Amino acid sequence: FLFFSCSVKYEESVRAEDVVPEFTFTQVDLNRYENNKLTVNFTAEKLEQYKNSSESFAKNIEFSSYNKKNELTTEGSCNLLAANTDTEIYTLFDNIQVSSKEDNVKFYSDSLKWNAKTEQLTSGKSDTVRIEKNDAIIYGSGFSASGVSKSFSFSGSVSGEIITKDNSENDTDETIEEKYE
């Protein structure tokens, strides 16, 4: 004999506004101004906002931020973004590229989280992040960076390479490549 049991919880209803966006925008171009100065430019293929939520989701985005002198400070792109404007936490996914013009550094990853309140950029413990600064390329996992101290660290494995050019008196360029693990 076989007995089958099925339980349906009718008291747990799914509200349409929880799973269907209240607003969906395509070909988005948003600008944020503070004191009549552009601080952020944001473009996206698609942007979704949900009712009674401070969360938004975007697809194929590009962004730029500017300082008080209207100079470009940061620019980047990713394929997916989850943004919570209440907590000021922005999670980027898939093909992430972020470039800090002020610090002359570029970050590449498939998953990063930016906390605007603490100015912390982090990755997952096992996610690989590639950093390019000057002639150095560093790969590592467990990435964490501080916008306040302008420093970064890795809690996992790290490898990289440094490329230097030696300009000697006979006008020949010699490239020296060093790899570290």
# chains A, B, ... in the order shown; residues from 1 in each chain; ligands from 1
>>> select_by_dssp(residues="chain A", states="strand (DSSP E or B)", output="PyMOL selection string")
chain A and resi 23-34+37-49+55-66+72-84+89-100+105-115+120-122+128-133+136-141+143-146+151-154+158-167+173-180
>>> closest_atom_pairs(of="range 98-136 of chain A", to="range 46-63 of chain A", cutoff="12 Å", atoms="only C-alpha atoms", output="tab-separated table")
residue	atom	partner	partner_atom	distance
A:Val98	CA	A:Phe63	CA	9.1
A:Ser99	CA	A:Phe63	CA	10.4
A:Ser100	CA	A:Phe63	CA	11.8
>>> write_last_selection(atoms="C-alpha atoms", output="CSV table (one decimal), in the first residue's frame")
chain,number,residue,atom,x,y,z
A,98,VAL,CA,35.1,49.3,-12.1
A,99,SER,CA,37.7,52.0,-12.6
A,100,SER,CA,38.7,54.5,-10.0
>>> closest_residue(among="A:Glu161, A:Glu88, A:Glu45, A:Glu75", to="Lys117 in chain A", atoms="only C-alpha atoms")
A:Glu88
>>> atom_distance(atom1="CA of Glu119 in chain A", atom2="CA of Thr87 in chain A")
12.3 Å
>>> residues_around(residues="Thr118 in chain A", least_positions_apart="2", cutoff="9 Å", atoms="only C-alpha atoms", output="list in words")
Trp114, Asn115, Ala116, Gln120, Ser146, Gly147 and Val148 of chain A
>>> write_last_selection(atoms="C-alpha atoms", output="short mmCIF file (atom, residue, chain, number, x, y, z; two decimals), in the first residue's frame")
data_model
loop_
_atom_site.label_atom_id
_atom_site.label_comp_id
_atom_site.auth_asym_id
_atom_site.auth_seq_id
_atom_site.Cartn_x
_atom_site.Cartn_y
_atom_site.Cartn_z
CA TRP A 114 29.44 48.12 -2.39
CA ASN A 115 28.31 49.51 0.95
CA ALA A 116 27.99 53.27 0.43
CA GLN A 120 33.52 49.17 1.57
CA SER A 146 38.12 50.63 1.81
CA GLY A 147 37.16 53.88 0.12
CA VAL A 148 38.13 55.69 3.32
#
>>> select_by_dssp(residues="chain A", states="alpha helix (DSSP H)", output="PyMOL selection string")
chain A and resi 16-19
>>> write_last_selection(atoms="N, CA and C atoms", output="PDB file, in the first residue's frame")
ATOM      1  N   ALA A  16       0.823  39.705  -5.699  1.00  0.00           N
ATOM      2  CA  ALA A  16       1.385  40.004  -7.018  1.00  0.00           C
ATOM      3  C   ALA A  16       2.407  41.123  -6.951  1.00  0.00           C
ATOM      4  N   GLU A  17       2.187  42.136  -6.107  1.00  0.00           N
ATOM      5  CA  GLU A  17       3.126  43.260  -6.037  1.00  0.00           C
ATOM      6  C   GLU A  17       4.475  42.867  -5.449  1.00  0.00           C
ATOM      7  N   ASP A  18       4.553  41.701  -4.800  1.00  0.00           N
ATOM      8  CA  ASP A  18       5.824  41.228  -4.274  1.00  0.00           C
ATOM      9  C   ASP A  18       6.685  40.558  -5.343  1.00  0.00           C
ATOM     10  N   VAL A  19       6.080  40.048  -6.385  1.00  0.00           N
ATOM     11  CA  VAL A  19       6.830  39.316  -7.405  1.00  0.00           C
ATOM     12  C   VAL A  19       6.784  39.970  -8.782  1.00  0.00           C
TER      13      VAL A  19
END
>>> atom_distance(atom1="CA of Ile96 in chain A", atom2="CA of Ile162 in chain A")
22.6 Å
>>> residues_around(residues="Gly142 in chain A", least_positions_apart="3", cutoff="6 Å", atoms="only C-alpha atoms", output="NGL selection string")
:A and (123-126 or 154-156)
>>> closest_residue(among="A:Ala83, A:Ile163, A:Val20, A:Ala44", to="Lys133 in chain A", atoms="only C-alpha atoms")
A:Ile163
